[in-house]
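Engineer: Below is the structure I would like to discuss, written out as structure tokens.
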Amino acid sequence: MSGPRRILVIDDEPVVALSCERVLSAAGHRVETRLNPREGIEAALAGGFDLILLDIVMPEIDGLEVLRRLRAANVRSRILILTGYATVSTAVEAMKLGAADVLNKPFTPGELTGALAAVLNSPRTPDESSAAFGEMIGTSEPMRRVCELIERAAPADITVLISGETGTGKELAARAIHRLSPRASQPLIVCDCSALAPALLESELFGHARGAFTGATASKRGLFEVAHRGTLFLDELASLGLETQAKLLRVLETRTIRRVGETEERPVDIRLIGATNRDLFTLVAEGRFRDDLRHRLSVFPIHLPPLRERPADIPHLARAFLDATRERNPIAARVFSPETLALLERCPWPGNVRELRNVVERLAILCDGEVITPGFLSEDVRQIRSETPLPPLPRRWDEFREVKRRVGQATVEAMERRFLSEALERAGGNVTRAAQDVGMPRTHFHSLLAKCGLVNGRG
């Protein structure tokens, strides 16, 4: 276990929490404790913890429910379960939810530090990785609908068409469908249809016979055959030429393929998932895409919303990308200041999730401290303003009074958010110091942070 780590202990027993803090602090780690599971969730959501020690039996919310909420929010911290009531079923459930290991109470200081080292020095298991980071990140209503569609589509052996702007995560959605499907043990083959010339693409998809064209010195299986019994993902299929579209339509209708230069029909058993960032209806109207193929592809359509339509997911994504960057690089940055997250939420992100990931990686490398502040953002991002645009004027006085109330409330909330953000900025992200600086009880300050969605401080 190399270097000091940042650790959060969530346990309602003060003796256990204090003991963990003393043992781990003596080992050089920075430790925070929360006796209340709700406060523990708030602290964990702030990100930046390498490890969370989580008790199972707690009042109001048990540890398994805390674990579910943290994984739903894509918290990347490794999680070690602490329990005096361990059963095989509890341990199995915790591991399925993404826990790295289970430590039974009572435990000695040596057992605690040994379990800690084992977790932090071991690679993430498949269950832990998929639960912690997942294929799809987001808890907003648009993303919940997408995940519901993925869960419904995955078990059914039907063709799925994923649409969405560039960078919204269409391939990630396809991988999620495959992983949740009965074909998960078989290969997922990915083909970017825009990356190859039409002649090369046909050979890539359907294979070719020896001597079929100049340079074909041997027979070759195409991706349809390689994906047999698995899933074939055709990305950017709107770029297919009309001739290739006709061949793809025949494969979908007959479940057979014919290699280039052959007459033999070969059966294939594949699940097809297509993706496009262009409107197929428009391409059909322009004569550049077959309408019958569009029908065959659109058995189960799923649209991925652009990032600007789900700003609530931006903090989760940013923290996940920061944690992923930290795992790959020796960097100091651990958390975002609330003001930085607020600015990121207000960006339009024309490159969507892919653009946000690139920006976060750049910020993480530029930042030489633990907290990424707005000063590391580019000038165009820092100049984004948060003023609420005026709503349409109503015709009736009672409606006008309601609009006045809403506008006034929005202004107050914006000022409140800025007040808290600047206080945290001055305190270097430390909640206790920020609360003292503005003359508020820490609990009141922290509850306002949670109300404004700015729970991201330390201390």
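For the structure tokens, the naming scheme is as follows: chains receive sequential letters (A, B, ...) according to their order of presentation, residues are indexed from 1 within each chain, and ligands are indexed from 1 in presentation order.
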Near Asp192 of chain A, counting only C-alpha atoms, which residues have an atom at most 9 Å away, once you skip same-chain residues fewer than 6 positions from it, shown as a ChimeraX atom specification?

Structural biologist: /A:233-237

Engineer: What would the file look like if the residues just selected were written as a PDB file, in the first residue's frame with C-alpha atoms?

Structural biologist:
ATOM      1  CA  PHE A 233     -22.352  -3.319 -32.834  1.00  0.00           C
ATOM      2  CA  LEU A 234     -22.408  -1.185 -35.990  1.00  0.00           C
ATOM      3  CA  ASP A 235     -21.478   2.359 -35.028  1.00  0.00           C
ATOM      4  CA  GLU A 236     -22.341   5.284 -37.338  1.00  0.00           C
ATOM      5  CA  LEU A 237     -24.279   3.005 -39.674  1.00  0.00           C
TER       6      LEU A 237
END

Engineer: Give me, as a PyMOL selection string, the residues of segment 88-277 of chain A that a backbone DSSP run labels strand (DSSP E).

Structural biologist: chain A and resi 101-104+160-163+188-192+207-208+220-221+231-235+256-257+266-267+271-276

Engineer: Which one is closest to Arg76 of chain A: A:Arg326, A:Arg278, A:Lys96, A:Arg175? Count only C-alpha atoms.

Structural biologist: A:Arg326

Engineer: Would you tabulate, counting only C-alpha atoms, all residues of segment 7-58 of chain A that have an atom at most 12 Å from an atom of segment 424-437 of chain A, showing the closest pair of atoms and their distance in Å to one decimal, sorted by chain then ascending number, as JSON lines?

Structural biologist:
{"residue": "A:Ala43", "atom": "CA", "partner": "A:Val431", "partner_atom": "CA", "distance": 10.6}
{"residue": "A:Ala46", "atom": "CA", "partner": "A:Gly429", "partner_atom": "CA", "distance": 10.5}
{"residue": "A:Gly48", "atom": "CA", "partner": "A:Gly429", "partner_atom": "CA", "distance": 11.8}

Engineer: Suppose you want the space between atom CA of Leu120 of chain A and atom CA of Arg357 of chain A; what is it in Å?

Structural biologist: 24.5 Å

Engineer: Contacts between segment 244-253 of chain A and segment 144-214 of chain A, please, where a residue of segment 144-214 of chain A counts if it comes within 10 Å (with only C-alpha atoms); show its shortest atom pair and distance in Å to one decimal, rows by chain and ascending number, as a Markdown table.

Structural biologist:
| residue | atom | partner | partner_atom | distance |
| --- | --- | --- | --- | --- |
| A:Thr159 | CA | A:Leu252 | CA | 9.1 |
| A:Pro198 | CA | A:Thr244 | CA | 7.5 |
| A:Ala199 | CA | A:Thr244 | CA | 9.0 |
| A:Leu201 | CA | A:Thr244 | CA | 8.4 |
| A:Glu202 | CA | A:Thr244 | CA | 6.7 |
| A:Leu205 | CA | A:Leu248 | CA | 9.2 |
| A:Phe206 | CA | A:Lys247 | CA | 9.1 |

Engineer: Which is closest to Glu148 of chain A among A:Val9, A:Leu242, A:Ile177, A:Leu196, if we use only C-alpha atoms?

Structural biologist: A:Ile177

Engineer: Near Phe289 of chain A, within 10 Å and counting only C-alpha atoms, which residues show up once chain neighbours fewer than 2 positions away are dropped, as a ChimeraX atom specification?

Structural biologist: /A:237-242,245-246,280-287,291-294

Engineer: Could you write those residues out with N, CA, C and O atoms, as a tab-separated table (two decimals), in the first residue's frame?

Structural biologist:
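Contents of the output file selection33.tsv:
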chain	number	residue	atom	x	y	z
A	237	LEU	N	-23.82	3.77	-38.50
A	237	LEU	CA	-24.28	3.00	-39.67
A	237	LEU	C	-24.95	3.87	-40.73
A	237	LEU	O	-25.22	3.41	-41.84
A	238	ALA	N	-25.23	5.13	-40.39
A	238	ALA	CA	-25.81	6.03	-41.40
A	238	ALA	C	-24.84	6.28	-42.55
A	238	ALA	O	-25.24	6.73	-43.63
A	239	SER	N	-23.55	5.99	-42.34
A	239	SER	CA	-22.56	6.21	-43.39
A	239	SER	C	-22.47	5.03	-44.37
A	239	SER	O	-21.71	5.09	-45.34
A	240	LEU	N	-23.25	3.97	-44.16
A	240	LEU	CA	-23.25	2.84	-45.09
A	240	LEU	C	-23.76	3.26	-46.45
A	240	LEU	O	-24.75	4.00	-46.57
A	241	GLY	N	-23.12	2.75	-47.51
A	241	GLY	CA	-23.62	3.00	-48.86
A	241	GLY	C	-24.87	2.18	-49.13
A	241	GLY	O	-25.16	1.21	-48.43
A	242	LEU	N	-25.63	2.56	-50.15
A	242	LEU	CA	-26.90	1.89	-50.45
A	242	LEU	C	-26.70	0.41	-50.78
A	242	LEU	O	-27.52	-0.43	-50.41
A	245	GLN	N	-26.14	-1.34	-47.59
A	245	GLN	CA	-27.41	-1.36	-46.87
A	245	GLN	C	-28.28	-2.53	-47.33
A	245	GLN	O	-28.93	-3.21	-46.52
A	246	ALA	N	-28.30	-2.76	-48.63
A	246	ALA	CA	-29.11	-3.85	-49.18
A	246	ALA	C	-28.62	-5.20	-48.66
A	246	ALA	O	-29.41	-6.08	-48.31
A	280	LEU	N	-32.19	9.33	-39.34
A	280	LEU	CA	-32.41	8.41	-40.45
A	280	LEU	C	-33.62	8.80	-41.29
A	280	LEU	O	-33.66	8.55	-42.49
A	281	PHE	N	-34.65	9.40	-40.65
A	281	PHE	CA	-35.82	9.85	-41.42
A	281	PHE	C	-35.40	10.87	-42.48
A	281	PHE	O	-35.86	10.83	-43.62
A	282	THR	N	-34.51	11.79	-42.08
A	282	THR	CA	-34.04	12.80	-43.04
A	282	THR	C	-33.25	12.14	-44.16
A	282	THR	O	-33.41	12.49	-45.34
A	283	LEU	N	-32.40	11.18	-43.81
A	283	LEU	CA	-31.61	10.50	-44.83
A	283	LEU	C	-32.49	9.69	-45.77
A	283	LEU	O	-32.22	9.61	-46.98
A	284	VAL	N	-33.56	9.10	-45.25
A	284	VAL	CA	-34.51	8.38	-46.11
A	284	VAL	C	-35.16	9.34	-47.09
A	284	VAL	O	-35.29	9.06	-48.29
A	285	ALA	N	-35.60	10.51	-46.59
A	285	ALA	CA	-36.24	11.53	-47.45
A	285	ALA	C	-35.28	12.02	-48.53
A	285	ALA	O	-35.71	12.36	-49.63
A	286	GLU	N	-33.98	12.03	-48.20
A	286	GLU	CA	-32.98	12.49	-49.17
A	286	GLU	C	-32.53	11.37	-50.10
A	286	GLU	O	-31.68	11.59	-50.99
A	287	GLY	N	-33.05	10.16	-49.92
A	287	GLY	CA	-32.70	9.04	-50.78
A	287	GLY	C	-31.35	8.41	-50.45
A	287	GLY	O	-30.79	7.67	-51.26
A	291	ASP	N	-35.57	2.94	-46.48
A	291	ASP	CA	-36.62	3.00	-45.46
A	291	ASP	C	-36.91	1.62	-44.87
A	291	ASP	O	-37.19	1.50	-43.67
A	292	ASP	N	-36.81	0.57	-45.73
A	292	ASP	CA	-37.07	-0.77	-45.21
A	292	ASP	C	-35.99	-1.19	-44.21
A	292	ASP	O	-36.26	-1.87	-43.22
A	293	LEU	N	-34.75	-0.76	-44.43
A	293	LEU	CA	-33.68	-1.05	-43.48
A	293	LEU	C	-33.89	-0.27	-42.19
A	293	LEU	O	-33.65	-0.79	-41.09
A	294	ARG	N	-34.34	0.98	-42.33
A	294	ARG	CA	-34.62	1.77	-41.12
A	294	ARG	C	-35.65	1.06	-40.26
A	294	ARG	O	-35.50	1.00	-39.03

Engineer: How would you write, as a PyMOL selection string, the set of residues in segment 215-313 of chain A that DSSP gives as alpha helix (DSSP H)?

Structural biologist: chain A and resi 223-226+242-254+280-285+291-297

Engineer: Restrict the selected residues to N, CA and C atoms and save them as a compact mmCIF listing (two decimals), in the first residue's frame.

Structural biologist:
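Saved file again.txt follows:
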# COMPACT_ATOMS: atom_id res chain seq x y z
N LEU A 223 -16.90 -9.82 -39.83
CA LEU A 223 -17.29 -9.57 -38.44
C LEU A 223 -18.59 -10.27 -38.07
N PHE A 224 -19.48 -10.48 -39.04
CA PHE A 224 -20.71 -11.22 -38.75
C PHE A 224 -20.36 -12.64 -38.28
N GLU A 225 -19.40 -13.27 -38.93
CA GLU A 225 -19.01 -14.62 -38.52
C GLU A 225 -18.24 -14.61 -37.20
N VAL A 226 -17.39 -13.60 -37.03
CA VAL A 226 -16.62 -13.49 -35.78
C VAL A 226 -17.56 -13.31 -34.59
N LEU A 242 -25.63 2.56 -50.15
CA LEU A 242 -26.90 1.89 -50.45
C LEU A 242 -26.70 0.41 -50.78
N GLU A 243 -25.60 0.06 -51.45
CA GLU A 243 -25.36 -1.34 -51.80
C GLU A 243 -25.11 -2.16 -50.53
N THR A 244 -24.31 -1.61 -49.62
CA THR A 244 -24.05 -2.31 -48.37
C THR A 244 -25.31 -2.39 -47.53
N GLN A 245 -26.14 -1.34 -47.59
CA GLN A 245 -27.41 -1.36 -46.87
C GLN A 245 -28.28 -2.53 -47.33
N ALA A 246 -28.30 -2.76 -48.63
CA ALA A 246 -29.11 -3.85 -49.18
C ALA A 246 -28.62 -5.20 -48.66
N LYS A 247 -27.30 -5.37 -48.58
CA LYS A 247 -26.74 -6.63 -48.07
C LYS A 247 -27.03 -6.78 -46.58
N LEU A 248 -26.97 -5.69 -45.84
CA LEU A 248 -27.27 -5.75 -44.41
C LEU A 248 -28.74 -6.12 -44.19
N LEU A 249 -29.62 -5.56 -45.00
CA LEU A 249 -31.03 -5.88 -44.90
C LEU A 249 -31.26 -7.37 -45.13
N ARG A 250 -30.56 -7.94 -46.10
CA ARG A 250 -30.72 -9.36 -46.39
C ARG A 250 -30.25 -10.22 -45.20
N VAL A 251 -29.14 -9.80 -44.56
CA VAL A 251 -28.65 -10.54 -43.40
C VAL A 251 -29.70 -10.53 -42.29
N LEU A 252 -30.31 -9.38 -42.07
CA LEU A 252 -31.32 -9.28 -41.01
C LEU A 252 -32.55 -10.13 -41.32
N GLU A 253 -32.87 -10.27 -42.60
CA GLU A 253 -34.06 -11.04 -42.98
C GLU A 253 -33.81 -12.54 -43.03
N THR A 254 -32.60 -12.94 -43.46
CA THR A 254 -32.34 -14.37 -43.68
C THR A 254 -31.43 -14.99 -42.63
N LEU A 280 -32.19 9.33 -39.34
CA LEU A 280 -32.41 8.41 -40.45
C LEU A 280 -33.62 8.80 -41.29
N PHE A 281 -34.65 9.40 -40.65
CA PHE A 281 -35.82 9.85 -41.42
C PHE A 281 -35.40 10.87 -42.48
N THR A 282 -34.51 11.79 -42.08
CA THR A 282 -34.04 12.80 -43.04
C THR A 282 -33.25 12.14 -44.16
N LEU A 283 -32.40 11.18 -43.81
CA LEU A 283 -31.61 10.50 -44.83
C LEU A 283 -32.49 9.69 -45.77
N VAL A 284 -33.56 9.10 -45.25
CA VAL A 284 -34.51 8.38 -46.11
C VAL A 284 -35.16 9.34 -47.09
N ALA A 285 -35.60 10.51 -46.59
CA ALA A 285 -36.24 11.53 -47.45
C ALA A 285 -35.28 12.02 -48.53
N ASP A 291 -35.57 2.94 -46.48
CA ASP A 291 -36.62 3.00 -45.46
C ASP A 291 -36.91 1.62 -44.87
N ASP A 292 -36.81 0.57 -45.73
CA ASP A 292 -37.07 -0.77 -45.21
C ASP A 292 -35.99 -1.19 -44.21
N LEU A 293 -34.75 -0.76 -44.43
CA LEU A 293 -33.68 -1.05 -43.48
C LEU A 293 -33.89 -0.27 -42.19
N ARG A 294 -34.34 0.98 -42.33
CA ARG A 294 -34.62 1.77 -41.12
C ARG A 294 -35.65 1.06 -40.26
N HIS A 295 -36.68 0.50 -40.90
CA HIS A 295 -37.70 -0.24 -40.15
C HIS A 295 -37.09 -1.44 -39.42
N ARG A 296 -36.20 -2.17 -40.12
CA ARG A 296 -35.61 -3.37 -39.53
C ARG A 296 -34.67 -3.03 -38.38
N LEU A 297 -34.03 -1.90 -38.47
CA LEU A 297 -33.09 -1.49 -37.43
C LEU A 297 -33.79 -0.92 -36.20

Engineer: Just checking: using only C-alpha atoms, which residue out of A:Glu264, A:Asp55, A:Gly215, A:Val146 ends up closest to Val102 of chain A?

Structural biologist: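 Of the candidates, the smallest distance to Val102 of chain A is held by A:Asp55.
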